[in-house]
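Listing of my_file-v3.pdb; format and content: PDB, C-alpha atoms.
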```pdb
MODEL        1
ATOM      1  CA  MET A   1      23.616  97.712 173.867
ATOM      2  CA  SER A   2      26.021  96.968 171.021
ATOM      3  CA  ARG A   3      27.773  93.594 170.869
ATOM      4  CA  SER A   4      31.467  93.617 171.481
ATOM      5  CA  PRO A   5      33.584  92.520 168.490
ATOM      6  CA  ARG A   6      36.268  91.146 170.820
ATOM      7  CA  PRO A   7      35.270  87.466 170.833
ATOM      8  CA  ILE A   8      35.017  87.393 167.060
ATOM      9  CA  LEU A   9      38.322  89.166 166.598
ATOM     10  CA  THR A  10      40.024  86.950 169.148
ATOM     11  CA  ALA A  11      38.770  83.808 167.459
ATOM     12  CA  ALA A  12      39.894  85.092 164.098
ATOM     13  CA  LEU A  13      43.354  85.861 165.440
ATOM     14  CA  LEU A  14      43.634  82.454 167.069
ATOM     15  CA  LEU A  15      42.723  80.806 163.795
ATOM     16  CA  LEU A  16      45.019  82.954 161.704
ATOM     17  CA  LEU A  17      48.124  82.714 163.865
ATOM     18  CA  PRO A  18      48.657  78.982 163.494
ATOM     19  CA  ILE A  19      48.185  79.324 159.758
ATOM     20  CA  GLY A  20      50.827  82.008 159.741
ATOM     21  CA  LEU A  21      53.169  79.836 161.749
ATOM     22  CA  GLN A  22      52.526  76.900 159.465
ATOM     23  CA  ALA A  23      53.444  79.066 156.523
ATOM     24  CA  GLN A  24      56.572  80.168 158.364
ATOM     25  CA  ALA A  25      57.527  76.541 159.013
ATOM     26  CA  ALA A  26      57.010  75.675 155.354
ATOM     27  CA  ASP A  27      59.095  78.666 154.390
ATOM     28  CA  GLU A  28      61.895  77.581 156.728
ATOM     29  CA  SER A  29      61.793  74.053 155.340
ATOM     30  CA  ALA A  30      62.102  75.502 151.859
ATOM     31  CA  GLN A  31      65.079  77.596 152.939
ATOM     32  CA  VAL A  32      66.787  74.559 154.458
ATOM     33  CA  ALA A  33      66.143  72.486 151.339
ATOM     34  CA  ALA A  34      67.422  75.333 149.172
ATOM     35  CA  THR A  35      70.662  75.437 151.169
ATOM     36  CA  VAL A  36      71.226  71.714 150.730
ATOM     37  CA  SER A  37      70.329  71.870 147.045
ATOM     38  CA  ALA A  38      72.698  74.799 146.582
ATOM     39  CA  PHE A  39      75.496  72.676 148.040
ATOM     40  CA  HIS A  40      74.650  69.829 145.659
ATOM     41  CA  THR A  41      74.607  72.214 142.706
ATOM     42  CA  ALA A  42      77.883  73.821 143.727
ATOM     43  CA  MET A  43      79.527  70.424 143.957
ATOM     44  CA  ALA A  44      78.167  69.306 140.594
ATOM     45  CA  THR A  45      79.365  72.507 138.926
ATOM     46  CA  GLY A  46      82.727  72.560 140.650
ATOM     47  CA  ASP A  47      82.047  75.798 142.520
ATOM     48  CA  THR A  48      84.127  75.055 145.598
ATOM     49  CA  GLU A  49      83.854  78.616 146.922
ATOM     50  CA  ALA A  50      80.083  78.280 147.026
ATOM     51  CA  MET A  51      80.405  74.900 148.735
ATOM     52  CA  LEU A  52      82.622  76.326 151.455
ATOM     53  CA  ALA A  53      80.391  79.364 151.914
ATOM     54  CA  LEU A  54      77.477  77.080 152.792
ATOM     55  CA  LEU A  55      79.424  75.336 155.559
ATOM     56  CA  ALA A  56      79.510  76.607 159.155
ATOM     57  CA  PRO A  57      83.031  77.276 160.463
ATOM     58  CA  ASP A  58      82.850  74.259 162.795
ATOM     59  CA  ALA A  59      81.349  71.915 160.203
ATOM     60  CA  ARG A  60      82.348  68.271 160.122
ATOM     61  CA  ILE A  61      82.354  66.216 156.944
ATOM     62  CA  LEU A  62      82.091  62.452 157.329
ATOM     63  CA  GLU A  63      82.708  60.123 154.439
ATOM     64  CA  GLY A  64      84.350  56.770 154.087
ATOM     65  CA  GLY A  65      86.548  56.270 157.104
ATOM     66  CA  SER A  66      87.158  59.789 158.237
ATOM     67  CA  ILE A  67      85.765  62.811 160.067
ATOM     68  CA  GLU A  68      87.115  66.019 158.612
ATOM     69  CA  THR A  69      87.067  69.706 159.474
ATOM     70  CA  ILE A  70      86.534  72.238 156.703
ATOM     71  CA  GLU A  71      90.285  72.711 156.434
ATOM     72  CA  ASP A  72      90.831  68.944 156.217
ATOM     73  CA  TYR A  73      88.113  68.608 153.617
ATOM     74  CA  GLU A  74      89.323  71.523 151.508
ATOM     75  CA  ALA A  75      92.860  70.158 151.517
ATOM     76  CA  GLY A  76      91.779  66.553 151.042
ATOM     77  CA  HIS A  77      88.637  64.980 149.652
ATOM     78  CA  MET A  78      86.851  68.019 148.272
ATOM     79  CA  SER A  79      88.576  68.123 144.890
ATOM     80  CA  ALA A  80      87.987  64.400 144.381
ATOM     81  CA  ASP A  81      84.327  64.725 145.396
ATOM     82  CA  VAL A  82      83.862  67.562 142.929
ATOM     83  CA  ALA A  83      85.605  65.645 140.149
ATOM     84  CA  PHE A  84      83.404  62.628 140.811
ATOM     85  CA  ALA A  85      80.234  64.727 140.978
ATOM     86  CA  GLN A  86      81.075  66.387 137.686
ATOM     87  CA  ALA A  87      81.874  63.101 135.979
ATOM     88  CA  VAL A  88      79.071  60.906 137.274
ATOM     89  CA  PRO A  89      75.473  62.115 137.247
ATOM     90  CA  ARG A  90      73.619  61.489 140.494
ATOM     91  CA  GLU A  91      69.891  60.897 140.707
ATOM     92  CA  ARG A  92      68.692  62.000 144.123
ATOM     93  CA  SER A  93      65.514  61.243 146.042
ATOM     94  CA  ASP A  94      63.409  64.063 147.423
ATOM     95  CA  LEU A  95      65.020  65.797 150.377
ATOM     96  CA  GLN A  96      63.357  65.033 153.698
ATOM     97  CA  VAL A  97      63.628  68.091 155.925
ATOM     98  CA  PHE A  98      63.101  68.051 159.691
ATOM     99  CA  ILE A  99      63.312  71.260 161.713
ATOM    100  CA  GLU A 100      64.064  71.220 165.445
ATOM    101  CA  GLY A 101      64.116  74.818 166.686
ATOM    102  CA  ASN A 102      67.024  76.508 164.953
ATOM    103  CA  VAL A 103      68.493  73.184 163.857
ATOM    104  CA  ALA A 104      67.416  71.191 160.836
ATOM    105  CA  TRP A 105      68.412  67.840 159.464
ATOM    106  CA  VAL A 106      67.955  66.621 155.947
ATOM    107  CA  VAL A 107      68.197  63.090 154.595
ATOM    108  CA  SER A 108      68.206  61.830 151.052
ATOM    109  CA  THR A 109      69.304  58.824 149.090
ATOM    110  CA  SER A 110      70.866  58.786 145.664
ATOM    111  CA  ARG A 111      72.205  56.639 142.885
ATOM    112  CA  ALA A 112      75.217  57.599 140.808
ATOM    113  CA  VAL A 113      75.620  55.897 137.445
ATOM    114  CA  GLY A 114      78.349  56.633 134.942
ATOM    115  CA  THR A 115      82.042  56.302 134.278
ATOM    116  CA  TYR A 116      84.833  57.692 136.440
ATOM    117  CA  ARG A 117      88.492  57.404 135.456
ATOM    118  CA  GLY A 118      87.630  54.642 133.010
ATOM    119  CA  ARG A 119      85.711  52.631 135.562
ATOM    120  CA  GLU A 120      82.002  51.875 135.438
ATOM    121  CA  VAL A 121      80.178  53.280 138.447
ATOM    122  CA  ASP A 122      76.786  52.307 139.788
ATOM    123  CA  SER A 123      76.579  53.193 143.452
ATOM    124  CA  ARG A 124      73.840  53.964 145.922
ATOM    125  CA  GLY A 125      74.331  56.281 148.833
ATOM    126  CA  GLY A 126      72.676  58.021 151.724
ATOM    127  CA  GLU A 127      73.250  61.572 152.854
ATOM    128  CA  LEU A 128      72.569  63.282 156.159
ATOM    129  CA  MET A 129      73.095  66.989 156.671
ATOM    130  CA  VAL A 130      72.634  68.863 159.937
ATOM    131  CA  LEU A 131      72.133  72.598 159.588
ATOM    132  CA  ALA A 132      71.808  75.434 162.083
ATOM    133  CA  GLN A 133      70.375  78.878 161.615
ATOM    134  CA  SER A 134      72.893  81.632 162.229
ATOM    135  CA  ALA A 135      72.111  84.982 163.850
ATOM    136  CA  ASP A 136      71.396  86.574 160.464
ATOM    137  CA  GLY A 137      68.796  83.900 159.684
ATOM    138  CA  ALA A 138      70.904  82.036 157.135
ATOM    139  CA  TRP A 139      71.061  78.260 157.355
ATOM    140  CA  LYS A 140      74.578  76.819 157.477
ATOM    141  CA  ILE A 141      75.642  73.195 157.202
ATOM    142  CA  ARG A 142      77.157  71.939 160.461
ATOM    143  CA  SER A 143      77.592  68.306 159.539
ATOM    144  CA  ILE A 144      77.546  66.167 156.399
ATOM    145  CA  SER A 145      77.529  62.378 156.545
ATOM    146  CA  TRP A 146      77.832  60.413 153.347
ATOM    147  CA  SER A 147      77.453  56.678 153.171
TER     148      SER A 147
ATOM    149  CA  MET B   1      41.926  96.394 171.812
ATOM    150  CA  ARG B   2      44.467  96.409 174.626
ATOM    151  CA  SER B   3      43.102  93.137 175.951
ATOM    152  CA  PHE B   4      44.028  91.271 172.745
ATOM    153  CA  LEU B   5      47.718  91.739 173.234
ATOM    154  CA  PRO B   6      48.240  89.174 176.012
ATOM    155  CA  VAL B   7      46.201  86.627 174.039
ATOM    156  CA  ILE B   8      48.262  87.169 170.914
ATOM    157  CA  LEU B   9      51.542  86.979 172.781
ATOM    158  CA  LEU B  10      50.465  83.824 174.562
ATOM    159  CA  VAL B  11      49.536  82.123 171.313
ATOM    160  CA  VAL B  12      52.756  83.193 169.644
ATOM    161  CA  ALA B  13      54.785  82.061 172.633
ATOM    162  CA  ALA B  14      53.016  78.709 172.702
ATOM    163  CA  CYS B  15      53.576  78.056 168.998
ATOM    164  CA  THR B  16      57.102  79.378 168.591
ATOM    165  CA  PRO B  17      59.900  76.811 168.885
ATOM    166  CA  PRO B  18      61.952  77.274 172.045
ATOM    167  CA  VAL B  19      65.054  79.383 171.903
ATOM    168  CA  THR B  20      67.773  76.910 171.133
ATOM    169  CA  GLU B  21      70.971  78.096 172.638
ATOM    170  CA  SER B  22      73.582  75.698 173.905
ATOM    171  CA  THR B  23      72.416  73.957 177.067
ATOM    172  CA  THR B  24      75.713  72.550 178.234
ATOM    173  CA  SER B  25      75.014  73.677 181.820
ATOM    174  CA  THR B  26      71.905  71.544 182.066
ATOM    175  CA  PRO B  27      71.567  67.755 182.219
ATOM    176  CA  ALA B  28      70.158  67.875 178.694
ATOM    177  CA  GLY B  29      73.494  69.229 177.478
ATOM    178  CA  ASP B  30      75.668  66.700 179.233
ATOM    179  CA  PRO B  31      77.925  64.871 176.757
ATOM    180  CA  ALA B  32      78.161  61.945 179.192
ATOM    181  CA  ALA B  33      74.451  61.267 178.691
ATOM    182  CA  LEU B  34      74.949  60.769 174.961
ATOM    183  CA  THR B  35      78.124  58.768 175.479
ATOM    184  CA  ALA B  36      76.315  56.409 177.841
ATOM    185  CA  ILE B  37      73.537  55.883 175.299
ATOM    186  CA  LEU B  38      76.063  55.196 172.558
ATOM    187  CA  GLU B  39      77.775  52.619 174.754
ATOM    188  CA  ASP B  40      74.447  50.846 175.309
ATOM    189  CA  ILE B  41      73.853  50.839 171.569
ATOM    190  CA  ARG B  42      77.388  49.634 170.831
ATOM    191  CA  VAL B  43      76.909  46.693 173.177
ATOM    192  CA  GLY B  44      73.494  46.056 171.633
ATOM    193  CA  TRP B  45      75.122  45.777 168.211
ATOM    194  CA  GLU B  46      77.710  43.297 169.468
ATOM    195  CA  THR B  47      75.255  41.126 171.377
ATOM    196  CA  GLY B  48      72.352  41.375 168.951
ATOM    197  CA  ASP B  49      70.160  42.632 171.765
ATOM    198  CA  GLY B  50      67.294  44.846 170.643
ATOM    199  CA  ALA B  51      66.517  46.071 174.168
ATOM    200  CA  PRO B  52      68.870  49.083 174.225
ATOM    201  CA  PHE B  53      67.627  50.080 170.795
ATOM    202  CA  ARG B  54      64.013  49.977 171.992
ATOM    203  CA  GLU B  55      65.001  51.963 175.070
ATOM    204  CA  HIS B  56      67.011  54.699 173.378
ATOM    205  CA  PHE B  57      65.505  55.054 169.909
ATOM    206  CA  LEU B  58      62.441  57.170 169.288
ATOM    207  CA  ASP B  59      60.546  54.700 167.139
ATOM    208  CA  TRP B  60      58.744  57.298 165.106
ATOM    209  CA  GLU B  61      56.751  57.015 161.903
ATOM    210  CA  GLY B  62      59.107  57.590 159.005
ATOM    211  CA  ALA B  63      62.343  56.754 160.842
ATOM    212  CA  ARG B  64      65.188  55.724 158.527
ATOM    213  CA  TYR B  65      68.632  54.451 159.452
ATOM    214  CA  PHE B  66      71.407  54.605 156.843
ATOM    215  CA  GLU B  67      74.505  52.458 156.636
ATOM    216  CA  GLY B  68      76.685  52.257 153.582
ATOM    217  CA  GLY B  69      74.396  52.515 150.599
ATOM    218  CA  GLY B  70      71.523  50.795 152.386
ATOM    219  CA  GLU B  71      68.888  51.755 154.866
ATOM    220  CA  ASN B  72      66.511  50.269 157.381
ATOM    221  CA  ILE B  73      62.999  51.619 157.646
ATOM    222  CA  GLY B  74      61.843  51.767 161.237
ATOM    223  CA  LEU B  75      63.280  50.297 164.404
ATOM    224  CA  GLN B  76      61.946  46.776 163.973
ATOM    225  CA  ASP B  77      63.555  46.500 160.559
ATOM    226  CA  LEU B  78      66.839  47.764 161.995
ATOM    227  CA  ILE B  79      66.860  45.233 164.832
ATOM    228  CA  GLU B  80      65.631  42.180 162.948
ATOM    229  CA  ASN B  81      67.391  42.683 159.640
ATOM    230  CA  HIS B  82      70.587  44.396 160.674
ATOM    231  CA  VAL B  83      71.470  44.234 164.367
ATOM    232  CA  GLU B  84      70.633  40.576 164.964
ATOM    233  CA  PRO B  85      72.224  39.179 161.760
ATOM    234  CA  GLU B  86      75.467  41.140 162.233
ATOM    235  CA  ALA B  87      75.807  40.004 165.840
ATOM    236  CA  GLU B  88      75.615  36.419 164.594
ATOM    237  CA  LEU B  89      78.728  37.153 162.519
ATOM    238  CA  GLY B  90      80.698  37.890 165.689
ATOM    239  CA  LEU B  91      80.567  41.664 165.282
ATOM    240  CA  GLN B  92      83.135  43.587 167.291
ATOM    241  CA  LEU B  93      82.368  47.291 167.271
ATOM    242  CA  GLN B  94      84.414  50.076 168.818
ATOM    243  CA  TYR B  95      83.581  53.781 169.056
ATOM    244  CA  SER B  96      86.250  56.424 169.562
ATOM    245  CA  ASP B  97      86.655  60.199 169.347
ATOM    246  CA  ILE B  98      83.017  60.839 170.219
ATOM    247  CA  GLN B  99      82.168  64.472 169.443
ATOM    248  CA  THR B 100      78.870  65.823 170.782
ATOM    249  CA  HIS B 101      76.961  68.957 169.799
ATOM    250  CA  PHE B 102      73.935  70.426 171.556
ATOM    251  CA  GLU B 103      71.376  72.889 170.245
ATOM    252  CA  GLY B 104      68.550  73.195 172.762
ATOM    253  CA  ASP B 105      66.362  70.101 172.588
ATOM    254  CA  PHE B 106      68.422  68.628 169.768
ATOM    255  CA  ALA B 107      71.866  67.089 169.743
ATOM    256  CA  TRP B 108      74.101  65.047 167.532
ATOM    257  CA  ALA B 109      77.161  62.928 168.028
ATOM    258  CA  VAL B 110      79.773  61.859 165.522
ATOM    259  CA  VAL B 111      82.014  58.918 166.256
ATOM    260  CA  ASP B 112      84.867  57.020 164.657
ATOM    261  CA  THR B 113      84.047  53.363 164.273
ATOM    262  CA  ASP B 114      86.121  50.184 164.078
ATOM    263  CA  ILE B 115      84.299  47.095 162.857
ATOM    264  CA  ARG B 116      85.367  43.468 162.755
ATOM    265  CA  LEU B 117      83.304  40.444 161.787
ATOM    266  CA  THR B 118      83.540  37.215 159.846
ATOM    267  CA  THR B 119      81.115  36.691 157.014
ATOM    268  CA  GLN B 120      79.179  33.450 156.598
ATOM    269  CA  ASP B 121      81.635  32.325 153.921
ATOM    270  CA  GLY B 122      84.549  32.831 156.307
ATOM    271  CA  GLN B 123      85.878  36.170 155.122
ATOM    272  CA  ASP B 124      87.348  38.350 157.862
ATOM    273  CA  ILE B 125      86.212  41.950 157.613
ATOM    274  CA  HIS B 126      87.989  44.845 159.285
ATOM    275  CA  ASN B 127      86.586  48.277 158.497
ATOM    276  CA  ARG B 128      87.014  51.733 159.913
ATOM    277  CA  GLY B 129      84.565  54.539 159.446
ATOM    278  CA  HIS B 130      82.249  56.950 161.143
ATOM    279  CA  GLY B 131      78.770  57.226 162.531
ATOM    280  CA  THR B 132      76.382  60.079 163.162
ATOM    281  CA  TYR B 133      73.603  59.849 165.734
ATOM    282  CA  LEU B 134      70.861  62.478 165.996
ATOM    283  CA  PHE B 135      69.044  62.938 169.306
ATOM    284  CA  ARG B 136      65.891  64.736 170.406
ATOM    285  CA  TRP B 137      65.154  65.577 174.048
ATOM    286  CA  VAL B 138      61.862  63.826 174.767
ATOM    287  CA  ASP B 139      60.188  63.598 178.174
ATOM    288  CA  GLY B 140      63.379  64.238 180.074
ATOM    289  CA  THR B 141      65.697  61.969 178.148
ATOM    290  CA  TRP B 142      67.627  61.867 174.883
ATOM    291  CA  LYS B 143      66.104  59.730 172.148
ATOM    292  CA  ILE B 144      67.846  58.750 168.914
ATOM    293  CA  VAL B 145      65.862  59.877 165.877
ATOM    294  CA  HIS B 146      68.277  59.024 163.080
ATOM    295  CA  THR B 147      71.583  57.262 162.468
ATOM    296  CA  GLN B 148      73.980  57.277 159.568
ATOM    297  CA  SER B 149      77.207  55.336 159.249
ATOM    298  CA  ALA B 150      79.751  54.337 156.668
ATOM    299  CA  SER B 151      83.040  52.497 156.686
ATOM    300  CA  SER B 152      85.709  51.211 154.377
ATOM    301  CA  PRO B 153      88.223  48.366 154.607
ATOM    302  CA  VAL B 154      91.385  48.967 156.592
ATOM    303  CA  GLN B 155      94.265  48.997 154.133
TER     304      GLN B 155
ENDMDL
END
```

Encoded form using structure tokens:
Amino acid sequence: MSRSPRPILTAALLLLLPIGLQAQAADESAQVAATVSAFHTAMATGDTEAMLALLAPDARILEGGSIETIEDYEAGHMSADVAFAQAVPRERSDLQVFIEGNVAWVVSTSRAVGTYRGREVDSRGGELMVLAQSADGAWKIRSISWS
Amino acid sequence: MRSFLPVILLVVAACTPPVTESTTSTPAGDPAALTAILEDIRVGWETGDGAPFREHFLDWEGARYFEGGGENIGLQDLIENHVEPEAELGLQLQYSDIQTHFEGDFAWAVVDTDIRLTTQDGQDIHNRGHGTYLFRWVDGTWKIVHTQSASSPVQ
């Protein structure tokens, strides 16, 4: 009587599946981080079209004393944020990525040191972004909070 | 080989995150639940009472709470070094325009804030700003996993 390979195969599959899922989770974290980094890069290079393309249509941007829609932001603070980002280099901590189903949130801290409009700048800040995965698998920014 | 399929599907189903569509028709998607928690926290800030924070925050390893350019690491740090000292300055905190968003077992709320206090050297502070609260559905209730807020002086 030959031994059935089923138990061995089953065990192998059970071992391999979690590894595959772990790799998938790491891949998703990398995609989320890449989306956030792409937004940072777009801001620092003044690519406002790229910034807007990374935002979900219902995104909210919170900074200072206001909560803004994309339209508010585009018509208001965005140009000033880009000008500041281009003028003052920002050193950012590693992004911390947390994934909750098809939602992710990312926190980081930063320090901006330089000169802006003739004024010395040395400011620390925190950033929170909430992202959601759209039907096509792309991660979009739903909320940005700067402090 | 046919008998492997149910095993594989079970394992995949068990390890795959739940489908996270909006759950507004369930208690977990009820904006009032988040609003009630935020009111408890608001009162906790004003009174310097850590109890609502301990009740509603998920005190998890690695938790960070941002305000302005600073942060508190962990719930105890938040209560002892932020909540309690600010309450002693006569903090008056108001939340308005609370906007809630639900994605399965995760939710977030953004609020407008109005802050008044008097510093130890007698300076009256009146700021307006915003706050973001992130929630995770844990054991049948919403728990706060992260907060971020910022404000600036009222002109």

Subject >> Selection dump of the PyMOL selection byres ((chain B and resi 107-123) around 7), as a PyMOL selection string >> reply: chain B and resi 89-103+105-106+124-136

Subject >> Result set of the PyMOL selection byres ((chain A and resi 86) around 12) on the coordinates above, as a PyMOL selection string >> reply: chain A and resi 40-47+79-85+87-90+112-117

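Every residue of chain A that lies within 6 Å of chain B is listed here, counting all atoms listed in the file: Gly64, Gly65, Ser66, Gly101, Arg124, Gly125, Gly126 and Ser147 of chain A.
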
Original post:
Rounded to one decimal in Å, what is the spacing between atom CA of Ser134 of chain A and atom CA of Asp94 of chain A?
Top reply: 24.9 Å

Original post:
Distance atom CA of Ser29 of chain A-atom CA of Gly137 of chain A, one decimal place?
Top reply: 12.8 Å

Original post:
Could you write out as a list of chain:residue names the residues that the PyMOL selection byres ((chain A and resi 31-37) around 8) matches in the shown file?
Top reply: A:Asp27, A:Glu28, A:Ser29, A:Ala30, A:Ala38, A:Phe39, A:His40, A:Thr41, A:Leu54, A:Leu95, A:Val97, A:Ala104, A:Val106, A:Met129, A:Leu131, A:Trp139, A:Lys140, A:Ile141

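Between atom CA of Ser143 of chain A and atom CA of Leu128 of chain A the interatomic distance comes to 7.9 Å.
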
Using the file's own x, y and z axes, so that the box edges lie along x, y and z, what centre and edge lengths in Å (one decimal) does a box around every listed atom of segment 114-131 of chain A get when 6 Å is added on each side? Give it as JSON.
```
{"center_x": 80.3, "center_y": 62.2, "center_z": 146.5, "size_x": 28.4, "size_y": 32.7, "size_z": 38.9}
```

Would you list the contacts of segment 47-59 of chain B as an mmCIF file with C-alpha atoms, in the frame of the given file, taking every protein, DNA or RNA residue within 7 Å and counting all atoms listed in the file, but skipping same-chain residues closer than 4 positions in sequence?
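Ended up saving to part_6.cif:
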```
data_model
loop_
_atom_site.group_PDB
_atom_site.id
_atom_site.type_symbol
_atom_site.label_atom_id
_atom_site.label_comp_id
_atom_site.auth_asym_id
_atom_site.auth_seq_id
_atom_site.Cartn_x
_atom_site.Cartn_y
_atom_site.Cartn_z
ATOM 1 C CA ILE B 37 73.537 55.883 175.299
ATOM 2 C CA ASP B 40 74.447 50.846 175.309
ATOM 3 C CA ILE B 41 73.853 50.839 171.569
ATOM 4 C CA VAL B 43 76.909 46.693 173.177
ATOM 5 C CA ALA B 63 62.343 56.754 160.842
ATOM 6 C CA GLY B 74 61.843 51.767 161.237
ATOM 7 C CA LEU B 75 63.280 50.297 164.404
ATOM 8 C CA ILE B 79 66.860 45.233 164.832
ATOM 9 C CA VAL B 83 71.470 44.234 164.367
ATOM 10 C CA GLU B 84 70.633 40.576 164.964
ATOM 11 C CA ALA B 87 75.807 40.004 165.840
ATOM 12 C CA LYS B 143 66.104 59.730 172.148
ATOM 13 C CA ILE B 144 67.846 58.750 168.914
ATOM 14 C CA VAL B 145 65.862 59.877 165.877
#
```

Give me the residues near Glu71 of chain A as a PDB file with C-alpha atoms, in the coordinates of the input, where near means some atom within 12 Å (using all atoms listed in the file) and where sequence neighbours in that chain fewer than 2 positions away do not count.
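That gives us part37.pdb:
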```
ATOM      1  CA  LEU A  52      82.622  76.326 151.455  1.00  0.00           C
ATOM      2  CA  LEU A  55      79.424  75.336 155.559  1.00  0.00           C
ATOM      3  CA  ALA A  56      79.510  76.607 159.155  1.00  0.00           C
ATOM      4  CA  PRO A  57      83.031  77.276 160.463  1.00  0.00           C
ATOM      5  CA  ASP A  58      82.850  74.259 162.795  1.00  0.00           C
ATOM      6  CA  ALA A  59      81.349  71.915 160.203  1.00  0.00           C
ATOM      7  CA  ARG A  60      82.348  68.271 160.122  1.00  0.00           C
ATOM      8  CA  ILE A  61      82.354  66.216 156.944  1.00  0.00           C
ATOM      9  CA  ILE A  67      85.765  62.811 160.067  1.00  0.00           C
ATOM     10  CA  GLU A  68      87.115  66.019 158.612  1.00  0.00           C
ATOM     11  CA  THR A  69      87.067  69.706 159.474  1.00  0.00           C
ATOM     12  CA  TYR A  73      88.113  68.608 153.617  1.00  0.00           C
ATOM     13  CA  GLU A  74      89.323  71.523 151.508  1.00  0.00           C
ATOM     14  CA  ALA A  75      92.860  70.158 151.517  1.00  0.00           C
ATOM     15  CA  GLY A  76      91.779  66.553 151.042  1.00  0.00           C
ATOM     16  CA  HIS A  77      88.637  64.980 149.652  1.00  0.00           C
ATOM     17  CA  MET A  78      86.851  68.019 148.272  1.00  0.00           C
TER      18      MET A  78
END
```

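The nearest approach to Asp30 of chain B among the residues B:Gln155, B:His82, B:Thr141, B:Gly62, with only C-alpha atoms taken into account, belongs to B:Thr141.
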
Original post:
For Arg111 of chain A, which residue out of A:Glu91, A:Leu62, A:Ile99, A:Val130 is the nearest one, using all atoms listed in the file?
Top reply: A:Glu91
